[in-house]
Structures are given as C-alpha cells and as structure tokens.
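Below is my_file-v4.cif, which holds mmCIF, C-alpha atoms (C1' of nucleotides).
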data_work
loop_
_atom_site.label_atom_id
_atom_site.label_comp_id
_atom_site.auth_asym_id
_atom_site.auth_seq_id
_atom_site.Cartn_x
_atom_site.Cartn_y
_atom_site.Cartn_z
CA MET X 89 0.00 0.00 0.00
CA ALA X 90 2.03 2.92 -1.23
CA GLU X 91 1.23 6.13 0.55
CA ILE X 92 -0.07 8.86 -1.69
CA ARG X 93 2.72 11.32 -2.16
CA VAL X 94 1.33 13.33 -5.06
CA LEU X 95 -2.02 14.86 -5.84
CA THR X 96 -3.83 15.49 -9.08
CA THR X 97 -5.52 18.80 -9.68
CA GLY X 98 -8.89 17.24 -9.02
CA GLU X 99 -7.86 15.93 -5.64
CA ALA X 100 -6.28 19.20 -4.63
CA ALA X 101 -9.45 20.97 -5.74
CA LYS X 102 -11.59 18.86 -3.45
CA TYR X 103 -9.33 19.54 -0.51
CA CYS X 104 -9.51 23.27 -1.07
CA GLY X 105 -13.18 23.42 -1.93
CA VAL X 106 -12.56 24.94 -5.35
CA ASN X 107 -12.81 23.95 -8.99
CA PHE X 108 -9.85 22.09 -10.50
CA ARG X 109 -9.60 24.89 -13.05
CA THR X 110 -8.70 27.20 -10.21
CA ILE X 111 -5.97 24.88 -9.02
CA ILE X 112 -4.44 24.94 -12.49
CA ARG X 113 -4.51 28.71 -12.47
CA TRP X 114 -2.74 28.80 -9.12
CA ILE X 115 -0.09 26.54 -10.57
CA GLU X 116 0.25 28.72 -13.68
CA ARG X 117 0.66 31.80 -11.55
CA GLY X 118 3.40 30.11 -9.61
CA LYS X 119 1.57 30.15 -6.31
CA LEU X 120 1.46 26.39 -6.12
CA ARG X 121 4.39 24.25 -7.15
CA ALA X 122 3.69 21.32 -9.42
CA TYR X 123 5.16 19.45 -12.35
CA LYS X 124 3.68 18.21 -15.57
CA LEU X 125 3.43 14.73 -16.97
CA PRO X 126 4.60 14.31 -20.56
CA GLY X 127 1.42 12.80 -21.98
CA ARG X 128 -1.52 15.11 -21.64
CA GLY X 129 0.28 17.59 -19.46
CA ASP X 130 -1.38 16.42 -16.28
CA HIS X 131 -0.26 18.30 -13.22
CA ARG X 132 1.07 16.46 -10.24
CA ILE X 133 1.48 18.21 -6.93
CA ARG X 134 3.83 16.76 -4.38
CA GLU X 135 2.19 16.40 -1.02
CA GLU X 136 4.78 18.53 0.73
CA ASP X 137 4.41 21.30 -1.82
CA PHE X 138 0.67 21.20 -1.36
CA VAL X 139 0.92 21.36 2.42
CA ALA X 140 3.44 24.19 2.20
CA PHE X 141 1.04 26.06 -0.06
CA LEU X 142 -1.85 25.52 2.32
CA ARG X 143 0.17 26.72 5.28
CA GLU X 144 1.45 29.76 3.42
CA ASN X 145 -2.06 30.87 2.60
CA ASP X 146 -3.72 29.94 5.87
CA LEU X 147 -5.89 27.33 4.25
CA PRO X 148 -6.94 24.44 6.47
CA VAL X 149 -4.60 21.47 6.22
CA PRO X 150 -6.55 18.21 5.93
CA GLU X 151 -5.97 15.86 8.78
CA GLU X 152 -4.50 13.13 6.64
CA PHE X 153 -1.61 15.43 5.77
CA ASP X 154 -1.29 17.08 9.12
CA GLY X 155 -2.54 14.25 11.26
CA ALA X 156 -0.28 13.66 14.20
CA PRO X 157 2.30 11.57 12.41
CA ARG X 158 3.72 10.29 15.65
CA SER X 159 0.60 9.63 17.64
CA VAL X 160 -0.33 6.24 19.02
CA LEU X 161 -3.56 4.88 20.45
CA VAL X 162 -3.00 2.12 22.96
CA VAL X 163 -5.95 -0.28 23.19
CA GLU X 164 -5.41 -2.32 26.33
CA ASP X 165 -7.70 -3.12 29.23
CA ASN X 166 -4.97 -3.96 31.71
CA LYS X 167 -4.18 -0.59 33.21
CA GLU X 168 -0.69 -1.45 34.32
CA MET X 169 0.21 -2.79 30.93
CA ALA X 170 -1.38 0.25 29.30
CA SER X 171 0.55 2.73 31.37
CA ALA X 172 3.76 0.79 30.89
CA ILE X 173 3.34 0.90 27.12
CA SER X 174 2.39 4.55 27.07
CA ARG X 175 5.29 5.49 29.34
CA VAL X 176 7.77 3.84 27.05
CA LEU X 177 6.28 5.41 23.94
CA ARG X 178 6.01 8.88 25.44
CA ARG X 179 9.66 8.70 26.35
CA GLU X 180 10.33 8.09 22.65
CA GLY X 181 8.48 11.25 21.76
CA PHE X 182 5.14 9.83 20.71
CA THR X 183 1.80 11.34 21.58
CA VAL X 184 -0.06 8.56 23.31
CA ASP X 185 -3.71 8.04 24.14
CA VAL X 186 -5.12 5.05 25.90
CA ALA X 187 -8.41 3.22 25.48
CA HIS X 188 -9.33 0.74 28.19
CA ASP X 189 -12.42 -0.64 26.52
CA GLY X 190 -13.89 -1.23 23.12
CA PHE X 191 -16.18 1.76 23.15
CA SER X 192 -13.53 4.33 23.83
CA ALA X 193 -11.21 2.54 21.42
CA GLY X 194 -13.72 3.00 18.63
CA ALA X 195 -14.54 6.55 19.59
CA GLN X 196 -10.93 7.66 19.93
CA LEU X 197 -9.89 5.90 16.77
CA ALA X 198 -12.45 7.89 14.84
CA THR X 199 -11.73 11.22 16.51
CA LEU X 200 -7.99 11.23 17.18
CA LYS X 201 -6.98 9.59 13.90
CA PRO X 202 -3.74 8.20 15.29
CA ALA X 203 -0.99 6.95 13.02
CA VAL X 204 -0.69 3.67 14.89
CA ILE X 205 -2.74 1.63 17.30
CA THR X 206 -1.49 -1.11 19.54
CA LEU X 207 -4.23 -3.66 19.89
CA ASP X 208 -4.67 -6.25 22.58
CA LEU X 209 -6.50 -9.17 21.00
CA LYS X 210 -8.14 -10.37 24.16
CA MET X 211 -10.19 -7.78 25.90
CA PRO X 212 -13.45 -8.45 27.69
CA GLY X 213 -16.32 -7.91 25.29
CA LEU X 214 -14.04 -7.01 22.44
CA ASP X 215 -13.11 -9.30 19.60
CA GLY X 216 -9.72 -8.17 18.38
CA TYR X 217 -10.10 -9.91 15.04
CA GLY X 218 -13.40 -8.17 14.53
CA VAL X 219 -11.69 -4.85 15.21
CA LEU X 220 -9.05 -5.69 12.62
CA ARG X 221 -11.67 -6.57 10.05
CA TYR X 222 -13.51 -3.35 10.75
CA ILE X 223 -10.39 -1.25 10.41
CA ARG X 224 -9.43 -2.88 7.14
CA SER X 225 -12.90 -2.34 5.76
CA GLN X 226 -12.82 1.42 6.32
CA GLU X 227 -11.39 3.48 3.53
CA GLU X 228 -10.42 6.37 5.78
CA LEU X 229 -8.38 4.09 8.01
CA LYS X 230 -6.25 2.61 5.29
CA HIS X 231 -3.19 4.49 6.47
CA LEU X 232 -3.62 3.34 10.04
CA LYS X 233 -0.94 0.92 11.18
CA VAL X 234 -1.98 -1.78 13.58
CA LEU X 235 0.43 -3.43 15.98
CA VAL X 236 -1.16 -6.39 17.68
CA VAL X 237 0.22 -6.84 21.19
CA SER X 238 -0.96 -10.09 22.66
CA ALA X 239 -0.18 -13.19 24.64
CA GLU X 240 -1.85 -15.24 21.92
CA THR X 241 -0.43 -18.38 20.41
CA GLU X 242 1.62 -18.32 17.23
CA ASP X 243 -1.48 -19.34 15.28
CA GLY X 244 -3.49 -16.57 16.81
CA LEU X 245 -0.89 -13.98 15.89
CA ASN X 246 -0.67 -15.31 12.36
CA GLN X 247 -4.39 -15.04 12.05
CA ALA X 248 -4.11 -11.44 13.14
CA LEU X 249 -1.61 -10.81 10.38
CA ASP X 250 -4.01 -12.43 7.93
CA GLU X 251 -6.78 -10.15 9.11
CA GLY X 252 -4.72 -7.10 8.36
CA ALA X 253 -2.42 -6.41 11.30
CA ASN X 254 0.77 -4.72 10.14
CA ALA X 255 2.89 -6.32 12.84
CA VAL X 256 2.55 -8.43 15.96
CA LEU X 257 4.33 -8.44 19.28
CA ARG X 258 4.15 -11.41 21.62
CA LYS X 259 3.68 -10.69 25.32
CA PRO X 260 5.82 -10.47 27.33
CA PHE X 261 8.12 -8.19 25.36
CA GLU X 262 11.11 -5.95 25.85
CA ASN X 263 10.60 -2.20 25.70
CA ASP X 264 13.08 -1.96 22.87
CA ALA X 265 11.07 -4.45 20.84
CA LEU X 266 7.97 -2.32 21.25
CA VAL X 267 9.71 0.88 20.26
CA GLY X 268 11.40 -0.85 17.36
CA ALA X 269 8.12 -2.25 16.07
CA ILE X 270 6.38 1.11 16.22
CA ASN X 271 9.25 2.93 14.57
CA GLN X 272 9.34 0.38 11.81
CA LEU X 273 5.65 0.89 11.11
CA LEU X 274 6.16 4.63 10.83
CA VAL X 275 8.95 4.58 8.30
CA MET P 64 -10.57 10.74 0.91
CA ALA P 65 -12.43 13.24 2.94
CA GLU P 66 -14.71 15.30 0.75
CA ILE P 67 -14.63 18.69 2.36
CA ARG P 68 -17.90 20.53 2.11
CA VAL P 69 -17.41 24.26 2.02
CA LEU P 70 -19.61 27.23 1.34
CA THR P 71 -18.98 30.48 -0.46
CA THR P 72 -20.18 33.72 1.02
CA GLY P 73 -23.06 33.79 -1.42
CA GLU P 74 -24.28 30.35 -0.43
CA ALA P 75 -24.01 31.15 3.23
CA ALA P 76 -25.88 34.38 2.61
CA LYS P 77 -28.80 32.52 1.04
CA TYR P 78 -28.99 30.10 3.94
CA CYS P 79 -29.06 32.95 6.44
CA GLY P 80 -31.35 35.17 4.41
CA VAL P 81 -28.91 38.05 4.39
CA ASN P 82 -26.72 39.83 1.92
CA PHE P 83 -23.35 38.25 1.18
CA ARG P 84 -21.75 41.53 2.22
CA THR P 85 -23.05 40.83 5.69
CA ILE P 86 -21.53 37.37 5.72
CA ILE P 87 -18.16 38.92 4.90
CA ARG P 88 -18.53 41.37 7.77
CA TRP P 89 -19.33 38.55 10.16
CA ILE P 90 -16.18 36.83 9.03
CA GLU P 91 -14.13 40.00 9.42
CA ARG P 92 -15.43 40.48 12.92
CA GLY P 93 -14.43 36.95 13.81
CA LYS P 94 -17.95 35.74 14.46
CA LEU P 95 -17.82 33.23 11.65
CA ARG P 96 -14.74 31.20 10.89
CA ALA P 97 -13.56 31.07 7.31
CA TYR P 98 -10.41 31.03 5.25
CA LYS P 99 -9.37 32.96 2.19
CA LEU P 100 -8.31 31.77 -1.22
CA PRO P 101 -5.04 33.18 -2.48
CA GLY P 102 -6.42 34.67 -5.70
CA ARG P 103 -9.06 37.30 -5.10
CA GLY P 104 -9.36 36.50 -1.46
CA ASP P 105 -12.61 34.62 -1.83
CA HIS P 106 -13.89 33.28 1.44
CA ARG P 107 -14.58 29.62 1.98
CA ILE P 108 -16.53 28.54 5.03
CA ARG P 109 -16.26 24.97 6.18
CA GLU P 110 -19.61 23.39 6.71
CA GLU P 111 -18.89 22.52 10.32
CA ASP P 112 -17.84 26.07 11.11
CA PHE P 113 -20.99 27.35 9.50
CA VAL P 114 -23.20 24.99 11.47
CA ALA P 115 -21.41 25.87 14.68
CA PHE P 116 -22.00 29.53 13.93
CA LEU P 117 -25.69 28.95 13.26
CA ARG P 118 -26.13 27.00 16.47
CA GLU P 119 -24.29 29.57 18.51
CA ASN P 120 -26.58 32.31 17.31
CA ASP P 121 -29.78 30.31 17.34
CA LEU P 122 -30.23 30.57 13.62
CA PRO P 123 -32.16 27.73 12.02
CA VAL P 124 -29.86 24.99 10.78
CA PRO P 125 -30.83 23.78 7.30
CA GLU P 126 -31.58 20.09 7.22
CA GLU P 127 -28.87 19.23 4.76
CA PHE P 128 -26.26 20.36 7.28
CA ASP P 129 -27.85 18.88 10.29
CA GLY P 130 -26.02 15.62 9.88
CA ALA P 131 -28.68 13.00 9.65
CA PRO P 132 -31.50 14.58 11.61
CA ARG P 133 -33.56 11.42 11.62
CA SER P 134 -30.83 8.86 12.02
CA VAL P 135 -30.57 6.51 14.93
CA LEU P 136 -27.75 4.33 16.14
CA VAL P 137 -28.97 1.26 17.98
CA VAL P 138 -26.43 -0.05 20.51
CA GLU P 139 -27.59 -3.49 21.48
CA ASP P 140 -25.79 -6.81 21.63
CA ASN P 141 -28.87 -9.00 21.42
CA LYS P 142 -29.33 -9.38 17.70
CA GLU P 143 -33.02 -10.17 17.82
CA MET P 144 -33.73 -7.17 19.99
CA ALA P 145 -31.55 -5.02 17.75
CA SER P 146 -33.30 -6.02 14.57
CA ALA P 147 -36.68 -5.63 16.21
CA ILE P 148 -35.85 -2.09 17.24
CA SER P 149 -34.37 -1.17 13.89
CA ARG P 150 -37.33 -2.64 12.02
CA VAL P 151 -39.77 -0.55 14.01
CA LEU P 152 -37.74 2.61 13.57
CA ARG P 153 -37.13 2.10 9.86
CA ARG P 154 -40.84 1.72 9.37
CA GLU P 155 -41.17 5.16 10.94
CA GLY P 156 -38.79 6.59 8.39
CA PHE P 157 -35.61 6.70 10.43
CA THR P 158 -32.20 5.80 9.10
CA VAL P 159 -30.99 3.11 11.44
CA ASP P 160 -27.54 1.66 12.08
CA VAL P 161 -26.77 -1.04 14.59
CA ALA P 162 -23.74 -1.61 16.79
CA HIS P 163 -23.48 -5.00 18.45
CA ASP P 164 -20.45 -4.21 20.56
CA GLY P 165 -18.71 -1.34 22.24
CA PHE P 166 -16.04 -0.86 19.63
CA SER P 167 -18.38 -0.43 16.72
CA ALA P 168 -20.65 1.69 18.89
CA GLY P 169 -17.81 4.12 19.53
CA ALA P 170 -16.60 4.10 15.96
CA GLN P 171 -20.03 4.56 14.43
CA LEU P 172 -20.98 7.23 16.91
CA ALA P 173 -18.02 9.28 15.82
CA THR P 174 -18.38 8.69 12.10
CA LEU P 175 -22.14 8.54 11.50
CA LYS P 176 -23.01 11.38 13.88
CA PRO P 177 -26.54 10.14 14.50
CA ALA P 178 -29.15 12.34 16.07
CA VAL P 179 -30.13 9.71 18.62
CA ILE P 180 -28.68 6.55 20.05
CA THR P 181 -30.56 3.85 21.88
CA LEU P 182 -28.28 2.40 24.49
CA ASP P 183 -28.51 -0.94 26.23
CA LEU P 184 -26.97 -0.49 29.65
CA LYS P 185 -25.87 -4.09 30.05
CA MET P 186 -23.65 -5.28 27.30
CA PRO P 187 -20.74 -7.65 27.73
CA GLY P 188 -17.59 -5.64 28.22
CA LEU P 189 -19.40 -2.34 27.94
CA ASP P 190 -20.31 -0.15 30.86
CA GLY P 191 -23.37 1.80 29.79
CA TYR P 192 -22.89 4.44 32.46
CA GLY P 193 -19.34 4.94 31.31
CA VAL P 194 -20.59 5.46 27.78
CA LEU P 195 -23.03 8.07 29.06
CA ARG P 196 -20.31 9.88 30.93
CA TYR P 197 -18.10 9.84 27.87
CA ILE P 198 -20.84 11.19 25.64
CA ARG P 199 -21.65 13.98 28.04
CA SER P 200 -18.02 14.95 28.32
CA GLN P 201 -17.61 15.47 24.60
CA GLU P 202 -18.42 18.90 23.31
CA GLU P 203 -19.22 17.72 19.79
CA LEU P 204 -21.78 15.25 21.08
CA LYS P 205 -23.76 17.70 23.13
CA HIS P 206 -26.64 17.59 20.67
CA LEU P 207 -26.78 13.81 20.69
CA LYS P 208 -29.89 12.44 22.34
CA VAL P 209 -29.52 9.25 24.32
CA LEU P 210 -32.41 6.87 24.91
CA VAL P 211 -31.46 4.20 27.40
CA VAL P 212 -33.27 0.95 26.65
CA SER P 213 -32.74 -1.51 29.43
CA ALA P 214 -34.18 -4.14 31.71
CA GLU P 215 -32.55 -2.36 34.63
CA THR P 216 -34.24 -1.56 37.91
CA GLU P 217 -35.91 1.76 38.56
CA ASP P 218 -32.80 2.88 40.42
CA GLY P 219 -30.57 1.89 37.56
CA LEU P 220 -32.65 3.86 35.10
CA ASN P 221 -32.69 6.88 37.39
CA GLN P 222 -28.94 6.71 37.62
CA ALA P 223 -28.79 6.69 33.84
CA LEU P 224 -30.87 9.87 33.79
CA ASP P 225 -28.48 11.39 36.29
CA GLU P 226 -25.55 10.50 34.09
CA GLY P 227 -27.05 12.34 31.18
CA ALA P 228 -29.52 10.06 29.42
CA ASN P 229 -32.29 12.11 27.82
CA ALA P 230 -34.91 9.42 28.31
CA VAL P 231 -35.21 5.84 29.44
CA LEU P 232 -37.34 2.93 28.29
CA ARG P 233 -37.86 -0.13 30.44
CA LYS P 234 -37.70 -3.52 28.75
CA PRO P 235 -39.98 -5.02 27.70
CA PHE P 236 -41.70 -2.20 25.88
CA GLU P 237 -44.38 -1.60 23.27
CA ASN P 238 -43.30 -0.51 19.81
CA ASP P 239 -45.38 2.62 20.14
CA ALA P 240 -43.56 3.57 23.31
CA LEU P 241 -40.23 3.29 21.51
CA VAL P 242 -41.35 5.38 18.56
CA GLY P 243 -42.95 7.90 20.87
CA ALA P 244 -39.81 8.25 22.94
CA ILE P 245 -37.60 8.77 19.90
CA ASN P 246 -39.95 11.27 18.34
CA GLN P 247 -40.12 13.19 21.57
CA LEU P 248 -36.35 13.46 21.68
CA LEU P 249 -36.26 14.82 18.16
CA VAL P 250 -38.77 17.63 18.64
"C1'" DT F 59 -43.54 58.85 22.71
"C1'" DG F 60 -39.91 61.18 20.43
"C1'" DT F 61 -35.16 62.44 19.39
"C1'" DA F 62 -30.28 61.72 18.70
"C1'" DC F 63 -26.59 58.71 18.17
"C1'" DA F 64 -24.42 54.26 17.17
"C1'" DT F 65 -24.38 50.05 14.94
"C1'" DT F 66 -25.63 46.95 11.52
"C1'" DT F 67 -27.20 45.77 7.04
"C1'" DG F 68 -28.19 46.54 2.14
"C1'" DT F 69 -27.12 48.70 -2.46
"C1'" DC F 70 -24.30 50.09 -6.24
"C1'" DA F 71 -20.34 50.07 -9.44
"C1'" DT F 72 -16.09 48.16 -10.88
"C1'" DG F 73 -12.37 44.93 -11.50
"C1'" DT F 74 -11.19 40.24 -11.51
"C1'" DA F 75 -10.95 35.49 -9.89
"C1'" DA F 76 -13.46 31.36 -10.12
"C1'" DG F 77 -16.79 28.29 -12.35
"C1'" DG F 78 -19.03 26.03 -16.44
"C1'" DC F 79 -19.07 24.06 -20.86
"C1'" DA F 80 -17.42 21.85 -25.10
"C1'" DG F 81 -14.21 19.04 -27.45
"C1'" DG F 82 -10.39 16.38 -27.53
"C1'" DT F 83 -6.86 13.21 -25.21
"C1'" DT F 84 -5.07 9.99 -22.02
"C1'" DA F 85 -4.79 7.43 -17.99
"C1'" DT F 86 -6.96 3.78 -15.44
"C1'" DA F 87 -9.98 0.01 -14.25
"C1'" DG F 88 -12.05 -4.12 -15.44
"C1'" DC Z 112 -8.34 -4.77 -25.12
"C1'" DT Z 113 -12.19 -1.93 -24.22
"C1'" DA Z 114 -14.92 1.23 -21.61
"C1'" DT Z 115 -14.93 4.70 -18.48
"C1'" DA Z 116 -13.41 8.28 -15.76
"C1'" DA Z 117 -10.32 12.08 -15.29
"C1'" DC Z 118 -7.68 15.66 -17.14
"C1'" DC Z 119 -6.29 19.73 -20.29
"C1'" DT Z 120 -7.28 23.89 -23.04
"C1'" DG Z 121 -9.82 27.87 -24.52
"C1'" DC Z 122 -13.66 30.70 -24.26
"C1'" DC Z 123 -17.41 32.74 -21.95
"C1'" DT Z 124 -20.32 33.56 -17.85
"C1'" DT Z 125 -21.04 33.99 -13.11
"C1'" DA Z 126 -20.21 35.55 -8.77
"C1'" DC Z 127 -17.11 37.50 -5.30
"C1'" DA Z 128 -14.33 41.42 -3.05
"C1'" DT Z 129 -14.00 46.08 -2.20
"C1'" DG Z 130 -15.12 50.80 -0.98
"C1'" DA Z 131 -18.33 54.33 -0.36
"C1'" DC Z 132 -22.79 55.51 0.80
"C1'" DA Z 133 -27.68 54.90 2.12
"C1'" DA Z 134 -31.17 52.65 4.75
"C1'" DA Z 135 -32.71 50.16 8.62
"C1'" DT Z 136 -32.39 48.78 13.26
"C1'" DG Z 137 -31.21 49.22 18.05
"C1'" DT Z 138 -30.24 52.04 22.35
"C1'" DA Z 139 -30.28 55.71 25.66
"C1'" DC Z 140 -32.55 59.20 27.63
"C1'" DA Z 141 -35.83 62.80 28.38
#
Write-out of the structure in structure tokens:
Amino acid sequence: MAEIRVLTTGEAAKYCGVNFRTIIRWIERGKLRAYKLPGRGDHRIREEDFVAFLRENDLPVPEEFDGAPRSVLVVEDNKEMASAISRVLRREGFTVDVAHDGFSAGAQLATLKPAVITLDLKMPGLDGYGVLRYIRSQEELKHLKVLVVSAETEDGLNQALDEGANAVLRKPFENDALVGAINQLLV
Amino acid sequence: MAEIRVLTTGEAAKYCGVNFRTIIRWIERGKLRAYKLPGRGDHRIREEDFVAFLRENDLPVPEEFDGAPRSVLVVEDNKEMASAISRVLRREGFTVDVAHDGFSAGAQLATLKPAVITLDLKMPGLDGYGVLRYIRSQEELKHLKVLVVSAETEDGLNQALDEGANAVLRKPFENDALVGAINQLLV
DNA sequence: TGTACATTTGTCATGTAAGGCAGGTTATAG
DNA sequence: CTATAACCTGCCTTACATGACAAATGTACA
C-alpha cells in the first residue's frame, strides 16, 4: 500500500473546496508548485508542496496530511500494561492516548486519527479480530498501522496478520522491541 | 478521501437570508470562521464552522447540514432485539444503524453522527454508564440524544438519567412507546 | 412617545478570480 | 483490449471582493 505522495488537480481541488480549473490557475501563476506529466500535461502536486502552499495561505490542512504523524492509540484493558506501554512510547516522543475498553477505542480511533494503534486481542467484550476486520474495511483508516500486542499463540498472531495487522508483538516483550516495532511501522 | 464541504459567502448568505456583504462582515469580525483563497481573497466557510456559527446564534440549521436529523444508532448486543428495534424505527422513516459491541458503537458514533442513540446499559464488556459519561463529556456530542433501553431496575434507570440520558425505556416495551420516545427526543 | 446617536445591514459600481461548458486526449480500471 | 473516468485547453459567464454611501435597526434618555 504505497502512501499517496502526489495529488492530481482534481484531488487538490476537493481539498480546497474549489474547482480544478482554479488549481491549475494557481499553478500557472506560480503560487502552487507542481510538475507536468509528458502525456496530456497532467499536473502532479507533491504532497509537501501542497501542504506548504496551504500553510502559506492559511488554508486548512486536511488531517490526513497534518494528522499527528507520531501519535499512538493504545488499546489495552490492563491498566498497568497500558501505562507501561504509554510510558515507554512517550519517552520516545510519541503522543499517546489510551483506550481501556472497546467503546472508547472506537470513539478515539475515529476522533484522534492516530498513526498507529497497539491492539490487545483479548479484551473483555471485544473481539480483536473483529476490530481488525472493521479497520481494514474502512477506507479512511487505510493508512492506520496496527500493531497487535498479545499473549496469543503463534497461530493466533498469524491469524491477526491475515486479518490485516501490520505487525505483531508477543507478550511479554522488551521495551526496545515495542519501540522498534512502532518505529518500523512509521517509516 | 475526505470530501470537504465548504460554502462560499453567497451560499451562506442565502442560507441565512442576508446579503453576502453581511456574511463577509461577520467573518471579518471573527464571528464566523472562514479562510481565504489566495487569488481574489474569496472566502470559503467549512460546513462545520458554519453549522457551529448557526447553532451559537440560534439561527435555524438547514436540514442538509444537520447531519442526519432522523438517524438513529442502535447499541444493542442482542441481535433479535436489535433487529426488532431497527425494524420498528425504519418503518417510521428513520435511518438506522446497529452496533453490536462497544467498539463499533464508539466508531459509528463518531463517524455517523446520528441524532439519537438507543443504548442498552448491560452489554458484555461495555459499561453503559461509562458510555453516558463519555458522551456527556464530549463537546461535539452535546446535541446527541440518548435513549437508554434496558431491563434495569428503577434505580438503575434513574442513575442513567443522572448520568445524562435524555430518556429511558424499560424492557420489555411496546413498539409505540419506543417510537414515541424517539420522536419526543427529536422535537 | 420622540429624538439623537451608534451600529448593523443593504445597495451600487467596478475589476477580476473562479466556475461552467465543449471538445479532444489519455490514464486507469475491469 | 475496451470502456470509463479524469484531465487539459480555450472561451465565456457567473459571482465575489471592495469601498463608499444609504437605509434600517437598536439604544439611551428625556
């Protein structure tokens, strides 16, 4: 799943709430940097150029470009485990939020739009595999990385990978392993 | 890809029944949030900012902005009960979504922005009172109406009212009572 | 109730950016 | 390989911003 690094004029237009014609004019006037494809002369705008343009002109920056690139949602019912994980990650410079139950996990996932979640597979009243399926079925969550953190069996962890987890971490784990796994997901 | 709905000053003016010049003045005075396009300085008002402005000043909110004014999220783990409720409500013309567990309840609450939720207090792994407290602590959910549907005791239902439920309905109930309760919340 | 002042809103004219349409071309999906 | 969706260009129309001024509305006070 390659991240989108460039925008077409149409996409940029939707983000700005204007007609694509207007985007082209901004490009022509040199306000917005872009390059042209050889074929039809399509414009392509690099994401960083687009964001720079938005910032320069005080236009709102869509969350998916701005969105806390180093924020993590920890889904874990065991409070000690949760605070241990969040302590380690905060020390690494991440913004960390914690959900102790399924409801707040769902609510925070939708509102905070974290870059990564750590997901405990076995929580009371919460089917971790179901959560994975849900996440992978949502278009707006396709950039979300999921690290399954669980004491499950090998088979269970493999199933999680099949269901769309980006990585798994077997409990108990070393702090370094956790940090390494998260960093790897955020490359 | 988030489709951002925005309004021009002219559109906003029509909705408010005023001259577009007035809309611009409201923006200049900081009453209404908006951003400017680089070219001529056209204003663009994000739909959510516009709705917030309307609410703040007790102006009527046009239906098309009012989220789904007749949409209901049914939070209920018992599938038969859930489909019974949703059948009754659909027949009344409501748009109904169902969450069978806490996670999807939280996620759907944040994404669908329903006008009402029916909440079962006793669901495995989900503390109904906690959900109520969460809802009432969130600014953007302050317009959400909560109908608690439960087989709880009188005391339990009263506690739910204390925690912020807008109405309660004791199981078992008549279909008419359900419809009546929902309609009353949406006056 | 009436008057005077302050504030807000609407109107007009002008310049210009943004939007719409048609016609052709090319990516892109299936 | 085909069908469809998306994009580009050029031309024309629409609608917005701005400033100055007029009208309407609100407020204070006698």
Next on the checklist: My list of candidates is P:Phe113, P:Phe166, P:Tyr197, P:Tyr192. Which is closest to chain X when distances are computed with all atoms listed in the file?
Outcome noted: P:Phe166
Item to check | Hits of the PyMOL selection byres ((chain F) within 9 of (chain P)) in this structure, as number ranges by chain | outcome: F: 66-68, 74-76
Checklist entry - For chain P against chain X, which residues fall within 6 Å using all atoms listed in the file, given as a PyMOL selection string? => result chain P and resi 69+98+165-166+169-170+173+187-188
Atoms kept (C-alpha atoms) for selection, written as a PDB file, in the coordinates of the input:
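Written out: result.pdb:
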ATOM      1  CA  VAL P  69     -17.410  24.260   2.020  1.00  0.00           C
ATOM      2  CA  TYR P  98     -10.410  31.030   5.250  1.00  0.00           C
ATOM      3  CA  GLY P 165     -18.710  -1.340  22.240  1.00  0.00           C
ATOM      4  CA  PHE P 166     -16.040  -0.860  19.630  1.00  0.00           C
ATOM      5  CA  GLY P 169     -17.810   4.120  19.530  1.00  0.00           C
ATOM      6  CA  ALA P 170     -16.600   4.100  15.960  1.00  0.00           C
ATOM      7  CA  ALA P 173     -18.020   9.280  15.820  1.00  0.00           C
ATOM      8  CA  PRO P 187     -20.740  -7.650  27.730  1.00  0.00           C
ATOM      9  CA  GLY P 188     -17.590  -5.640  28.220  1.00  0.00           C
TER      10      GLY P 188
END
Checklist entry - By least-squares superposition of chain X on chain P, using all C-alpha atoms in order, what RMSD in Å to one decimal is obtained? => result 10.0 Å
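Counting only C-alpha atoms (C1' of nucleotides), the residue from X:His188, X:Lys124, X:Arg93, X:Arg143 that sits nearest to chain Z is X:Lys124.
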Item to check | Resolved residues for the PyMOL selection byres ((chain Z) within 12 of (chain P)) as an MDAnalysis selection string | outcome: chainID Z and resid 125:130
Checklist entry - How would you write, as a VMD selection string, the residues chosen by the PyMOL selection byres ((chain P and resi 246) around 12) on this structure? => result chain P and resid 132 to 135 152 155 to 157 178 to 179 208 210 230 239 to 245 247 to 250
Please, could you write that set of residues out with C-alpha atoms as a short mmCIF file (atom, residue, chain, number, x, y, z; two decimals), in the coordinates of the input?
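The new file result03.cif reads:
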data_model
loop_
_atom_site.label_atom_id
_atom_site.label_comp_id
_atom_site.auth_asym_id
_atom_site.auth_seq_id
_atom_site.Cartn_x
_atom_site.Cartn_y
_atom_site.Cartn_z
CA PRO P 132 -31.50 14.58 11.61
CA ARG P 133 -33.56 11.42 11.62
CA SER P 134 -30.83 8.86 12.02
CA VAL P 135 -30.57 6.51 14.93
CA LEU P 152 -37.74 2.61 13.57
CA GLU P 155 -41.17 5.16 10.94
CA GLY P 156 -38.79 6.59 8.39
CA PHE P 157 -35.61 6.70 10.43
CA ALA P 178 -29.15 12.34 16.07
CA VAL P 179 -30.13 9.71 18.62
CA LYS P 208 -29.89 12.44 22.34
CA LEU P 210 -32.41 6.87 24.91
CA ALA P 230 -34.91 9.42 28.31
CA ASP P 239 -45.38 2.62 20.14
CA ALA P 240 -43.56 3.57 23.31
CA LEU P 241 -40.23 3.29 21.51
CA VAL P 242 -41.35 5.38 18.56
CA GLY P 243 -42.95 7.90 20.87
CA ALA P 244 -39.81 8.25 22.94
CA ILE P 245 -37.60 8.77 19.90
CA GLN P 247 -40.12 13.19 21.57
CA LEU P 248 -36.35 13.46 21.68
CA LEU P 249 -36.26 14.82 18.16
CA VAL P 250 -38.77 17.63 18.64
#
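Across the model, the gap from CA of Val163 (chain X) to CA of Ala248 (chain X) is 15.1 Å.
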Next on the checklist: Could you tell me how far CA of Val256 (chain X) sits from CA of Ser174 (chain X), in Å to one decimal place?
Outcome noted: 17.1 Å
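For the pair CA of Arg175 (chain X) and CA of Ala187 (chain X), the separation is 14.4 Å.
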Checklist entry - Excluding same-chain residues fewer than 6 positions from DA87 (chain F), what lies within 10 Å of it counting only C-alpha atoms (C1' of nucleotides), as a list of chain:residue names? => result Z:DA114, Z:DT115, Z:DA116
Next on the checklist: Neighbouring residues of DA64 (chain F) were defined as those with any atom within 12 Å, considering all atoms listed in the file; residues of the same chain fewer than 5 positions away were excluded. Please report them as a PyMOL selection string.
Outcome noted: chain Z and resi 136-139
